[in-house]
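File shown here: data-v2.cif, holding mmCIF, C-alpha atoms and all ligand atoms.
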data_input
loop_
_atom_site.label_atom_id
_atom_site.label_comp_id
_atom_site.auth_asym_id
_atom_site.auth_seq_id
_atom_site.Cartn_x
_atom_site.Cartn_y
_atom_site.Cartn_z
CA MET A 1201 0.60 -18.48 15.71
CA ASP A 1202 -3.15 -18.50 15.04
CA VAL A 1203 -2.97 -19.76 11.47
CA THR A 1204 -6.73 -19.81 10.86
CA SER A 1205 -7.23 -16.23 11.87
CA LEU A 1206 -4.18 -14.97 9.92
CA VAL A 1207 -5.33 -16.77 6.79
CA SER A 1208 -8.92 -15.57 7.04
CA THR A 1209 -7.87 -11.95 7.62
CA ALA A 1210 -5.45 -12.08 4.69
CA GLN A 1211 -8.13 -13.54 2.42
CA ALA A 1212 -10.64 -10.91 3.51
CA MET A 1213 -8.14 -8.18 2.62
CA VAL A 1214 -8.06 -9.33 -0.99
CA ALA A 1215 -11.69 -10.46 -1.33
CA ASP A 1216 -13.13 -10.20 -4.86
CA GLY A 1217 -13.91 -6.64 -5.88
CA LYS A 1218 -12.16 -5.06 -2.89
CA GLY A 1219 -8.81 -3.48 -2.02
CA ILE A 1220 -6.98 -1.43 0.58
CA LEU A 1221 -7.01 2.31 1.25
CA ALA A 1222 -3.55 3.58 2.33
CA ILE A 1223 -3.90 6.59 4.64
CA ASP A 1224 -0.78 5.94 6.70
CA GLU A 1225 1.14 9.09 5.75
CA SER A 1226 3.70 10.09 8.36
CA HIS A 1227 3.49 13.69 9.60
CA GLY A 1228 5.96 14.95 6.97
CA THR A 1229 4.07 13.38 4.07
CA ILE A 1230 0.57 14.44 5.16
CA LYS A 1231 1.92 17.96 5.64
CA LYS A 1232 3.02 17.97 1.98
CA ARG A 1233 -0.48 16.80 0.94
CA PHE A 1234 -2.17 19.47 3.08
CA ASP A 1235 0.23 22.16 1.84
CA SER A 1236 -0.89 21.32 -1.71
CA ILE A 1237 -4.52 22.20 -0.79
CA GLY A 1238 -3.72 25.06 1.56
CA VAL A 1239 -4.91 23.34 4.75
CA GLU A 1240 -2.92 23.66 7.96
CA CYS A 1241 -1.41 20.35 9.14
CA THR A 1242 -2.84 20.19 12.68
CA GLU A 1243 -3.83 17.08 14.60
CA GLU A 1244 -7.49 18.12 14.35
CA ASN A 1245 -7.35 18.62 10.57
CA ARG A 1246 -5.58 15.28 10.08
CA ARG A 1247 -8.31 13.63 12.16
CA ASP A 1248 -11.15 15.36 10.34
CA TYR A 1249 -9.72 14.54 6.93
CA ARG A 1250 -9.17 10.88 7.70
CA ALA A 1251 -12.50 10.54 9.54
CA MET A 1252 -14.18 12.07 6.48
CA LEU A 1253 -12.57 9.44 4.23
CA LEU A 1254 -13.35 6.51 6.54
CA SER A 1255 -17.00 7.49 7.02
CA THR A 1256 -17.71 7.57 3.28
CA PRO A 1257 -21.13 5.88 2.87
CA GLY A 1258 -20.80 2.35 1.48
CA LEU A 1259 -16.98 2.42 1.50
CA GLY A 1260 -16.81 -1.13 2.88
CA GLU A 1261 -18.34 -2.45 -0.35
CA ARG A 1262 -15.06 -1.75 -2.18
CA ILE A 1263 -12.50 -1.14 0.57
CA SER A 1264 -11.60 -4.22 2.62
CA GLY A 1265 -9.12 -2.50 4.93
CA ALA A 1266 -7.29 0.75 5.57
CA ILE A 1267 -3.71 1.33 6.72
CA LEU A 1268 -3.49 3.93 9.46
CA PHE A 1269 -0.65 5.91 11.00
CA ASP A 1270 -0.07 5.53 14.78
CA GLU A 1271 -1.83 8.82 15.55
CA THR A 1272 -4.98 7.83 13.62
CA LEU A 1273 -5.36 4.48 15.37
CA ARG A 1274 -5.65 6.41 18.65
CA GLN A 1275 -8.06 9.09 17.39
CA SER A 1276 -11.82 9.50 17.71
CA THR A 1277 -14.19 11.48 15.49
CA ALA A 1278 -15.30 14.96 16.58
CA ASP A 1279 -18.35 13.34 18.21
CA GLY A 1280 -16.27 10.86 20.15
CA LYS A 1281 -16.31 7.58 18.22
CA LEU A 1282 -12.98 5.77 17.88
CA LEU A 1283 -11.98 5.63 14.21
CA VAL A 1284 -11.29 1.92 14.67
CA GLU A 1285 -14.88 1.41 15.81
CA LEU A 1286 -16.16 3.37 12.84
CA MET A 1287 -14.10 1.13 10.54
CA ASN A 1288 -15.33 -2.08 12.15
CA GLU A 1289 -18.94 -0.95 11.75
CA ALA A 1290 -18.25 -0.20 8.07
CA GLY A 1291 -16.63 -3.63 7.52
CA ILE A 1292 -13.19 -2.10 6.95
CA ILE A 1293 -10.30 -3.99 8.57
CA PRO A 1294 -7.99 -1.71 10.59
CA GLY A 1295 -4.30 -1.87 9.65
CA ILE A 1296 -1.29 0.03 10.92
CA LYS A 1297 2.05 1.22 9.48
CA VAL A 1298 4.75 -0.01 11.85
CA ASP A 1299 8.05 0.91 10.21
CA THR A 1300 9.71 4.08 11.46
CA GLY A 1301 10.83 5.31 8.06
CA ALA A 1302 13.61 4.89 5.52
CA HIS A 1303 17.06 6.20 6.53
CA PRO A 1304 20.39 6.45 4.72
CA LEU A 1305 22.15 3.08 4.42
CA ALA A 1306 25.70 3.50 5.74
CA ASN A 1307 28.43 3.32 3.06
CA HIS A 1308 25.85 3.30 0.27
CA PRO A 1309 25.25 6.84 -0.97
CA GLY A 1310 21.73 7.43 -2.23
CA GLU A 1311 20.32 4.22 -0.78
CA LEU A 1312 17.91 3.79 2.12
CA VAL A 1313 17.15 1.13 4.67
CA THR A 1314 13.84 1.02 6.53
CA GLU A 1315 14.11 0.97 10.31
CA GLY A 1316 11.74 0.04 13.14
CA LEU A 1317 12.61 -3.45 14.40
CA ASP A 1318 13.76 -2.28 17.85
CA GLY A 1319 10.85 -2.58 20.26
CA LEU A 1320 8.56 -3.81 17.48
CA ARG A 1321 7.29 -6.86 19.41
CA ALA A 1322 5.85 -4.61 22.15
CA ARG A 1323 4.40 -2.11 19.65
CA LEU A 1324 2.66 -4.90 17.72
CA LYS A 1325 1.15 -6.25 20.92
CA GLU A 1326 -0.25 -2.83 21.72
CA TYR A 1327 -1.57 -2.30 18.17
CA ALA A 1328 -3.28 -5.71 18.24
CA SER A 1329 -4.92 -4.84 21.57
CA MET A 1330 -6.21 -1.61 19.99
CA GLY A 1331 -7.90 -3.49 17.14
CA ALA A 1332 -5.32 -3.57 14.32
CA ARG A 1333 -5.47 -6.81 12.35
CA PHE A 1334 -2.74 -6.21 9.80
CA ALA A 1335 0.45 -4.17 9.63
CA LYS A 1336 2.53 -2.61 6.90
CA TRP A 1337 6.28 -2.01 6.44
CA ARG A 1338 7.63 -0.21 3.37
CA ALA A 1339 11.15 -0.54 2.00
CA VAL A 1340 12.32 1.64 -0.89
CA ILE A 1341 14.69 0.57 -3.64
CA SER A 1342 15.94 3.05 -6.20
CA ILE A 1343 17.07 2.38 -9.75
CA SER A 1344 20.07 4.26 -11.14
CA GLU A 1345 23.36 3.35 -12.80
CA ALA A 1346 24.86 2.49 -9.40
CA THR A 1347 21.79 1.18 -7.58
CA PRO A 1348 20.35 -0.96 -6.17
CA SER A 1349 23.31 -2.59 -4.43
CA ASP A 1350 23.10 -6.15 -3.11
CA ALA A 1351 23.65 -4.70 0.35
CA CYS A 1352 20.55 -2.52 0.04
CA ILE A 1353 18.37 -5.37 -1.25
CA ASN A 1354 19.66 -7.72 1.47
CA ALA A 1355 19.25 -5.28 4.35
CA ASN A 1356 15.74 -4.25 3.33
CA THR A 1357 14.39 -7.71 2.56
CA HIS A 1358 15.91 -9.11 5.76
CA ALA A 1359 14.16 -6.40 7.80
CA LEU A 1360 10.88 -7.06 5.97
CA ALA A 1361 11.07 -10.76 6.83
CA ARG A 1362 11.96 -10.11 10.51
CA TYR A 1363 9.02 -7.69 10.74
CA ALA A 1364 6.69 -10.20 9.04
CA GLY A 1365 7.62 -12.93 11.54
CA LEU A 1366 6.95 -10.63 14.49
CA CYS A 1367 3.59 -9.60 13.01
CA GLN A 1368 2.40 -13.18 12.71
CA GLU A 1369 3.56 -13.95 16.24
CA ALA A 1370 1.32 -11.04 17.39
CA GLY A 1371 -1.63 -12.24 15.27
CA LEU A 1372 -1.33 -9.48 12.65
CA VAL A 1373 -1.18 -10.14 8.91
CA PRO A 1374 2.05 -8.65 7.52
CA MET A 1375 1.77 -6.54 4.39
CA VAL A 1376 5.32 -6.53 3.03
CA GLU A 1377 6.04 -3.59 0.73
CA PRO A 1378 9.31 -3.51 -1.19
CA GLU A 1379 8.72 -0.45 -3.39
CA VAL A 1380 10.93 -0.17 -6.46
CA LEU A 1381 10.70 3.57 -7.05
CA ILE A 1382 9.40 5.02 -10.32
CA THR A 1383 11.82 7.96 -10.02
CA GLY A 1384 14.39 8.05 -12.84
CA ASP A 1385 14.83 7.55 -16.55
CA HIS A 1386 15.11 3.76 -16.45
CA SER A 1387 13.31 1.51 -18.90
CA LEU A 1388 10.57 -1.05 -18.26
CA GLU A 1389 13.22 -3.75 -18.72
CA ASP A 1390 15.46 -2.20 -16.03
CA CYS A 1391 12.51 -2.11 -13.65
CA TYR A 1392 11.67 -5.73 -14.45
CA GLU A 1393 15.23 -6.86 -13.74
CA VAL A 1394 15.45 -5.04 -10.40
CA THR A 1395 11.97 -6.11 -9.28
CA VAL A 1396 12.78 -9.77 -10.00
CA LEU A 1397 15.97 -9.51 -7.89
CA VAL A 1398 14.15 -7.83 -5.02
CA LEU A 1399 11.19 -10.22 -4.95
CA ARG A 1400 13.41 -13.33 -5.22
CA ARG A 1401 15.47 -12.13 -2.26
CA LEU A 1402 12.36 -11.16 -0.32
CA PHE A 1403 10.77 -14.60 -0.60
CA GLU A 1404 14.07 -16.31 0.33
CA GLN A 1405 14.18 -14.17 3.46
CA LEU A 1406 10.51 -14.81 4.29
CA TYR A 1407 11.17 -18.53 3.92
CA ASP A 1408 14.24 -18.30 6.23
CA GLN A 1409 12.13 -16.59 8.90
CA ASN A 1410 9.35 -19.25 8.68
CA VAL A 1411 6.78 -16.69 7.61
CA LEU A 1412 3.41 -18.22 6.71
CA LEU A 1413 2.78 -17.05 3.15
CA GLU A 1414 -0.93 -17.94 3.29
CA GLY A 1415 -1.17 -15.28 6.00
CA THR A 1416 0.92 -12.64 4.21
CA ILE A 1417 0.10 -9.93 1.65
CA LEU A 1418 2.67 -8.55 -0.79
CA LYS A 1419 2.35 -4.83 -1.53
CA ALA A 1420 4.19 -4.56 -4.82
CA SER A 1421 5.19 -1.84 -7.21
CA MET A 1422 4.24 -2.36 -10.85
CA VAL A 1423 6.91 -3.05 -13.46
CA ILE A 1424 6.83 0.33 -15.18
CA SER A 1425 9.13 2.76 -17.01
CA GLY A 1426 10.81 5.46 -14.93
CA ASP A 1427 8.89 8.73 -14.68
CA ALA A 1428 11.65 10.53 -16.63
CA ALA A 1429 12.11 7.86 -19.31
CA THR A 1430 11.91 9.24 -22.83
CA GLU A 1431 9.71 6.45 -24.16
CA ARG A 1432 7.41 5.07 -21.54
CA ALA A 1433 5.82 1.62 -21.94
CA GLY A 1434 2.07 1.48 -22.58
CA TYR A 1435 -0.67 0.02 -20.36
CA ASN A 1436 -0.60 -3.49 -21.77
CA GLU A 1437 3.19 -3.72 -21.66
CA VAL A 1438 3.15 -2.68 -18.00
CA ALA A 1439 0.43 -5.21 -17.21
CA GLU A 1440 2.18 -8.06 -19.04
CA ALA A 1441 5.62 -7.30 -17.57
CA THR A 1442 4.23 -7.00 -14.04
CA VAL A 1443 2.30 -10.24 -14.19
CA ASP A 1444 5.24 -12.05 -15.76
CA CYS A 1445 7.58 -10.74 -13.05
CA LEU A 1446 5.21 -11.92 -10.30
CA LEU A 1447 4.81 -15.35 -11.88
CA GLN A 1448 8.62 -15.69 -11.93
CA THR A 1449 9.05 -14.79 -8.28
CA VAL A 1450 5.97 -15.08 -6.06
CA PRO A 1451 5.00 -18.47 -4.58
CA ALA A 1452 1.44 -19.61 -5.26
CA SER A 1453 0.78 -20.00 -1.53
CA LEU A 1454 0.86 -16.23 -0.93
CA ALA A 1455 -2.57 -14.88 0.11
CA GLY A 1456 -2.55 -11.96 -2.31
CA VAL A 1457 -0.78 -9.14 -4.09
CA VAL A 1458 -1.88 -5.52 -3.75
CA PHE A 1459 -0.24 -2.73 -5.72
CA LEU A 1460 0.89 0.70 -4.63
CA SER A 1461 0.35 3.54 -7.07
CA GLY A 1462 3.81 5.06 -6.60
CA GLY A 1463 3.21 8.37 -8.35
CA GLN A 1464 1.00 7.10 -11.20
CA GLY A 1465 -2.08 9.14 -12.00
CA ASP A 1466 -5.27 7.89 -10.35
CA GLU A 1467 -6.91 6.63 -13.55
CA GLU A 1468 -3.57 5.30 -14.83
CA ALA A 1469 -3.23 3.09 -11.73
CA THR A 1470 -6.78 1.77 -12.27
CA VAL A 1471 -6.18 1.01 -15.96
CA HIS A 1472 -2.96 -0.90 -15.15
CA LEU A 1473 -4.65 -3.04 -12.49
CA ASP A 1474 -7.61 -3.75 -14.76
CA ALA A 1475 -5.31 -4.66 -17.68
CA MET A 1476 -3.56 -7.24 -15.47
CA ASN A 1477 -6.82 -8.80 -14.33
CA LYS A 1478 -8.05 -8.93 -17.94
CA LEU A 1479 -5.03 -11.11 -18.79
CA GLY A 1480 -6.42 -14.12 -16.92
CA VAL A 1481 -6.56 -15.81 -13.55
CA PHE A 1482 -3.41 -16.03 -11.43
CA PRO A 1483 -2.41 -18.03 -8.34
CA TRP A 1484 -3.18 -15.01 -6.13
CA PRO A 1485 -5.73 -12.18 -6.27
CA LEU A 1486 -4.28 -8.97 -7.75
CA SER A 1487 -5.73 -5.94 -6.02
CA PHE A 1488 -4.79 -2.43 -4.87
CA SER A 1489 -3.47 -0.63 -1.81
CA TYR A 1490 -3.33 2.88 -3.20
CA GLY A 1491 -2.58 6.03 -1.26
CA ARG A 1492 -2.34 8.92 -3.69
CA ALA A 1493 -4.34 7.22 -6.47
CA LEU A 1494 -7.36 6.90 -4.16
CA GLN A 1495 -6.92 10.12 -2.25
CA ALA A 1496 -6.01 12.69 -4.92
CA PRO A 1497 -9.61 13.51 -6.03
CA PRO A 1498 -11.19 13.58 -2.51
CA LEU A 1499 -8.22 15.54 -1.13
CA ALA A 1500 -8.57 18.23 -3.80
CA GLU A 1501 -12.34 18.43 -3.31
CA TRP A 1502 -12.14 18.60 0.51
CA GLY A 1503 -9.38 21.22 0.30
CA LYS A 1504 -11.69 23.65 -1.51
CA ASP A 1505 -13.85 23.93 1.63
CA PRO A 1506 -13.24 21.34 4.39
CA ALA A 1507 -16.40 22.24 6.31
CA ALA A 1508 -18.82 22.24 3.37
CA ASN A 1509 -17.37 19.66 0.98
CA ILE A 1510 -17.57 16.49 3.06
CA SER A 1511 -20.19 14.67 0.97
CA SER A 1512 -18.70 15.75 -2.37
CA ALA A 1513 -15.20 14.65 -1.26
CA GLN A 1514 -16.62 11.31 -0.08
CA ALA A 1515 -18.32 10.87 -3.45
CA LYS A 1516 -14.91 11.27 -5.14
CA LEU A 1517 -13.39 8.58 -2.91
CA ALA A 1518 -16.37 6.26 -3.40
CA HIS A 1519 -15.99 6.63 -7.17
CA ARG A 1520 -12.26 5.78 -7.21
CA ALA A 1521 -12.85 2.88 -4.82
CA ARG A 1522 -15.55 1.52 -7.13
CA MET A 1523 -13.39 1.94 -10.26
CA ASN A 1524 -10.49 0.11 -8.60
CA GLY A 1525 -12.81 -2.52 -7.16
CA LEU A 1526 -14.00 -3.27 -10.70
CA ALA A 1527 -10.37 -3.39 -11.86
CA THR A 1528 -9.66 -6.22 -9.39
CA THR A 1529 -11.90 -8.43 -11.52
CA GLY A 1530 -11.02 -6.92 -14.90
CA GLU A 1531 -14.47 -5.34 -15.23
CA TYR A 1532 -13.39 -1.70 -15.47
CA ASP A 1533 -13.93 0.41 -18.56
CA SER A 1534 -12.71 4.00 -18.90
CA GLY A 1535 -16.22 5.02 -19.99
CA MET A 1536 -17.34 4.37 -16.41
CA GLU A 1537 -15.30 7.35 -15.22
CA THR A 1538 -17.98 9.75 -16.42
CA GLU A 1539 -21.10 7.71 -15.71
C1 LIG B 1601 0.16 6.83 2.09
O1 LIG B 1601 1.59 6.92 2.01
C2 LIG B 1601 2.29 5.92 2.78
C3 LIG B 1601 3.16 6.51 3.81
O2 LIG B 1601 4.25 7.19 3.27
P1 LIG B 1601 5.35 7.89 4.24
O3 LIG B 1601 5.83 6.91 5.23
O4 LIG B 1601 6.41 8.30 3.25
O5 LIG B 1601 4.72 9.07 4.87
C4 LIG B 1601 3.00 4.95 1.81
O6 LIG B 1601 3.72 3.96 2.48
C5 LIG B 1601 1.94 4.28 0.99
O7 LIG B 1601 1.20 3.41 1.81
C6 LIG B 1601 2.48 3.48 -0.18
O8 LIG B 1601 3.65 3.99 -0.70
C7 LIG B 1601 1.44 3.48 -1.27
O9 LIG B 1601 1.02 4.79 -1.53
P2 LIG B 1601 0.94 5.30 -3.05
O10 LIG B 1601 0.60 6.76 -2.91
O11 LIG B 1601 2.27 5.03 -3.67
O12 LIG B 1601 -0.19 4.49 -3.68
#
Rewrite the structure of this file - the entire thing - as structure tokens.
Ligand code: 5MM
Amino acid sequence: MDVTSLVSTAQAMVADGKGILAIDESHGTIKKRFDSIGVECTEENRRDYRAMLLSTPGLGERISGAILFDETLRQSTADGKLLVELMNEAGIIPGIKVDTGAHPLANHPGELVTEGLDGLRARLKEYASMGARFAKWRAVISISEATPSDACINANTHALARYAGLCQEAGLVPMVEPEVLITGDHSLEDCYEVTVLVLRRLFEQLYDQNVLLEGTILKASMVISGDAATERAGYNEVAEATVDCLLQTVPASLAGVVFLSGGQGDEEATVHLDAMNKLGVFPWPLSFSYGRALQAPPLAEWGKDPAANISSAQAKLAHRARMNGLATTGEYDSGMETE
């Protein structure tokens, strides 16, 4: 294991003022996004959309890395430049989603387990040879009266730790993502309780698999009320509960924590991150790895006219990246949204 390189890549991913752009949608998910803007989901359109995002002028000032889907890592722009090359020139670290999706967990109705360990060692070797420097694996945990079960938490955190070990063996920084879903009418307190259980189990499993935490990034969900809860907690409550939950569970040696947006509005996700970073200094940087919360405005703009709206869509992405970059140091203010 090349400890020095893992640690320096992980630190670069959470450098001050920067975060991660998640554009690793599988074909089914990107189709949903394209359907929402009336664009056909072809390989060429997926390439053009993602190339448009990655070639945003100055993106590397606020985006340290981007998570790609397998197809994107192999693609070149319309004029023949590999997207990985374009990213390296822009100072954006290439990452890759390596799980093969969440599937029903046997004997546990409504619960999912993320698959993809079979053949992973060979896939990681190939991805590293193609220029990927970090990898992501997402597990999903749902909250309801009957879930999550211990079996679901154990199976998912065990897989995350096995994947993380294989990543480090291949020289890739693992980004471990145990997403506690926002879907449901649960309270902030319910979310806190489940997230503590999941993160405790995750770090036990990472420890068992000898995973180097200094060369690992946690992609966490915020502690937040369910999207159908009648009384949803406010920004400061979310920030305080999330930070408290992390302090209870995450070892100080971890390189950094980046949040997913998980269905929050784009400005809402920025305000939450900023509110956490305004609370003080923590053992690890708190940053972002948003998919929808970074892409919603540029996607909508590009969808109006994909051929003509490249610069205006890029301006939307650059703005959200800047707002979130400021939130990583607690320097965001909602007044900046209209500047
Ligand atoms: C960008 O969406 C990612 C891929 O999702 P699928 O495998 O379901 O197609 C997803 O893993 C994403 O990286 C994270 O969930 C964070 O994205 P959000 O939109 O929650 O910030």
At most 10 Å is the cut-off: for each residue in chain A with any atom that close to an atom of ligand LIG 1601 (chain B), write down the nearest atom pair and the distance in Å rounded to one decimal, counting all atoms listed in the file, chain first then increasing number, as a Markdown table.
| residue | atom | partner | partner_atom | distance |
| --- | --- | --- | --- | --- |
| A:Ile1220 | CA | B:LIG1601 | O7 | 9.6 |
| A:Leu1221 | CA | B:LIG1601 | O7 | 8.3 |
| A:Ala1222 | CA | B:LIG1601 | O7 | 4.8 |
| A:Ile1223 | CA | B:LIG1601 | C1 | 4.8 |
| A:Asp1224 | CA | B:LIG1601 | C1 | 4.8 |
| A:Glu1225 | CA | B:LIG1601 | O5 | 3.7 |
| A:Ser1226 | CA | B:LIG1601 | O5 | 3.8 |
| A:His1227 | CA | B:LIG1601 | O5 | 6.7 |
| A:Gly1228 | CA | B:LIG1601 | O5 | 6.4 |
| A:Thr1229 | CA | B:LIG1601 | O5 | 4.4 |
| A:Ile1230 | CA | B:LIG1601 | O5 | 6.8 |
| A:Lys1231 | CA | B:LIG1601 | O5 | 9.4 |
| A:Lys1232 | CA | B:LIG1601 | O5 | 9.5 |
| A:Ala1266 | CA | B:LIG1601 | O7 | 9.7 |
| A:Ile1267 | CA | B:LIG1601 | O7 | 7.2 |
| A:Leu1268 | CA | B:LIG1601 | C1 | 8.7 |
| A:Phe1269 | CA | B:LIG1601 | C3 | 8.2 |
| A:Lys1297 | CA | B:LIG1601 | O6 | 7.7 |
| A:Val1298 | CA | B:LIG1601 | O3 | 9.6 |
| A:Asp1299 | CA | B:LIG1601 | O3 | 8.1 |
| A:Thr1300 | CA | B:LIG1601 | O3 | 7.9 |
| A:Gly1301 | CA | B:LIG1601 | O3 | 6.0 |
| A:Ala1302 | CA | B:LIG1601 | O3 | 8.0 |
| A:Lys1336 | CA | B:LIG1601 | O7 | 8.0 |
| A:Trp1337 | CA | B:LIG1601 | O6 | 7.6 |
| A:Arg1338 | CA | B:LIG1601 | O6 | 5.8 |
| A:Ala1339 | CA | B:LIG1601 | O6 | 8.7 |
| A:Val1340 | CA | B:LIG1601 | O8 | 9.0 |
| A:Glu1377 | CA | B:LIG1601 | C6 | 8.0 |
| A:Pro1378 | CA | B:LIG1601 | O8 | 9.4 |
| A:Glu1379 | CA | B:LIG1601 | O8 | 7.3 |
| A:Leu1381 | CA | B:LIG1601 | O11 | 9.2 |
| A:Ile1382 | CA | B:LIG1601 | O11 | 9.7 |
| A:Lys1419 | CA | B:LIG1601 | C7 | 8.4 |
| A:Ala1420 | CA | B:LIG1601 | C7 | 9.2 |
| A:Ser1421 | CA | B:LIG1601 | O11 | 8.3 |
| A:Val1458 | CA | B:LIG1601 | C7 | 9.9 |
| A:Phe1459 | CA | B:LIG1601 | O12 | 7.5 |
| A:Leu1460 | CA | B:LIG1601 | O12 | 4.1 |
| A:Ser1461 | CA | B:LIG1601 | O12 | 3.6 |
| A:Gly1462 | CA | B:LIG1601 | O11 | 3.3 |
| A:Gly1463 | CA | B:LIG1601 | O11 | 5.8 |
| A:Gln1464 | CA | B:LIG1601 | O11 | 7.9 |
| A:Gly1465 | CA | B:LIG1601 | O12 | 9.7 |
| A:Asp1466 | CA | B:LIG1601 | O12 | 9.0 |
| A:Ala1469 | CA | B:LIG1601 | O12 | 8.7 |
| A:Phe1488 | CA | B:LIG1601 | O12 | 8.4 |
| A:Ser1489 | CA | B:LIG1601 | O12 | 6.4 |
| A:Tyr1490 | CA | B:LIG1601 | O12 | 3.6 |
| A:Gly1491 | CA | B:LIG1601 | O10 | 3.7 |
| A:Arg1492 | CA | B:LIG1601 | O10 | 3.7 |
| A:Ala1493 | CA | B:LIG1601 | O12 | 5.7 |
| A:Leu1494 | CA | B:LIG1601 | O12 | 7.6 |
| A:Gln1495 | CA | B:LIG1601 | O10 | 8.3 |
| A:Ala1496 | CA | B:LIG1601 | O10 | 9.1 |
Inset, instruction - For each of A:Glu1467, A:Val1214, A:Thr1430, A:Ala1278, take the minimum atom-to-atom distance to Asn1245 of chain A, counting all atoms listed in the file, then give the residue where this is smallest. - result: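 Of A:Glu1467, A:Val1214, A:Thr1430, A:Ala1278, the one nearest Asn1245 of chain A, counting all atoms listed in the file, is A:Ala1278.
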Inset, instruction - Rank A:Asp1505, A:Asp1385, A:Glu1468, A:Glu1414 by their smallest atom-to-atom distance to Pro1483 of chain A, using all atoms listed in the file, and report the top residue only. - result: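 Under the stated criterion, the closest residue is A:Glu1414.
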Would you kindly return, as a PDB file with C-alpha atoms, in the coordinates of the input, each protein, DNA or RNA residue with an atom no farther than 9 Å from any atom of Asn1356 of chain A, considering only C-alpha atoms and excluding same-chain residues fewer than 2 positions away?
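This went into part_2.pdb:
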ATOM      1  CA  LEU A1312      17.910   3.790   2.120  1.00  0.00           C
ATOM      2  CA  VAL A1313      17.150   1.130   4.670  1.00  0.00           C
ATOM      3  CA  THR A1314      13.840   1.020   6.530  1.00  0.00           C
ATOM      4  CA  GLU A1315      14.110   0.970  10.310  1.00  0.00           C
ATOM      5  CA  ALA A1339      11.150  -0.540   2.000  1.00  0.00           C
ATOM      6  CA  VAL A1340      12.320   1.640  -0.890  1.00  0.00           C
ATOM      7  CA  ILE A1341      14.690   0.570  -3.640  1.00  0.00           C
ATOM      8  CA  ALA A1351      23.650  -4.700   0.350  1.00  0.00           C
ATOM      9  CA  CYS A1352      20.550  -2.520   0.040  1.00  0.00           C
ATOM     10  CA  ILE A1353      18.370  -5.370  -1.250  1.00  0.00           C
ATOM     11  CA  ASN A1354      19.660  -7.720   1.470  1.00  0.00           C
ATOM     12  CA  HIS A1358      15.910  -9.110   5.760  1.00  0.00           C
ATOM     13  CA  ALA A1359      14.160  -6.400   7.800  1.00  0.00           C
ATOM     14  CA  LEU A1360      10.880  -7.060   5.970  1.00  0.00           C
ATOM     15  CA  ALA A1361      11.070 -10.760   6.830  1.00  0.00           C
ATOM     16  CA  PRO A1378       9.310  -3.510  -1.190  1.00  0.00           C
ATOM     17  CA  LEU A1402      12.360 -11.160  -0.320  1.00  0.00           C
TER      18      LEU A1402
END
Inset, instruction - Have a look at A:Met1252, A:Leu1486, A:Ala1332, A:Leu1517 and name the one nearest to Val1284 of chain A; count only C-alpha atoms. - result: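 Distance minimum relative to Val1284 of chain A lands on A:Ala1332.
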Inset, instruction - Could you tell me which of A:Arg1401, A:Asn1436, A:Cys1391, A:Gly1456 comes closest to Met1375 of chain A if we count all atoms listed in the file? - result: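 Once distances to Met1375 of chain A are computed over all atoms listed in the file, the minimum belongs to A:Gly1456.
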Inset, instruction - Return the single residue from A:Ala1441, A:Ala1433, A:Val1411, A:Ala1306 that is closest to Val1396 of chain A, with distances computed using all atoms listed in the file. - result: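 Residue with the minimum atom-to-atom distance to Val1396 of chain A: A:Ala1441.
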Inset, instruction - Point out the residue among A:Leu1366, A:Met1213, A:Ala1518, A:Val1457 with the least atom-to-atom distance to Leu1324 of chain A, counting only C-alpha atoms. - result: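 Looking only at the distances to Leu1324 of chain A, the closest residue turns out to be A:Leu1366.
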Inset, instruction - List the residues sitting within 10 Å of (-16.9, 3.1, -8.8) in the file's frame, using all atoms listed in the file, as a list in words. - result: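 All residues meeting the 10 Å criterion around (-16.9, 3.1, -8.8) are Arg1262, Ala1515, Lys1516, Leu1517, Ala1518, His1519, Arg1520, Ala1521, Arg1522, Met1523, Asn1524, Gly1525, Leu1526, Ala1527, Tyr1532, Met1536, Glu1537 and Glu1539 of chain A.
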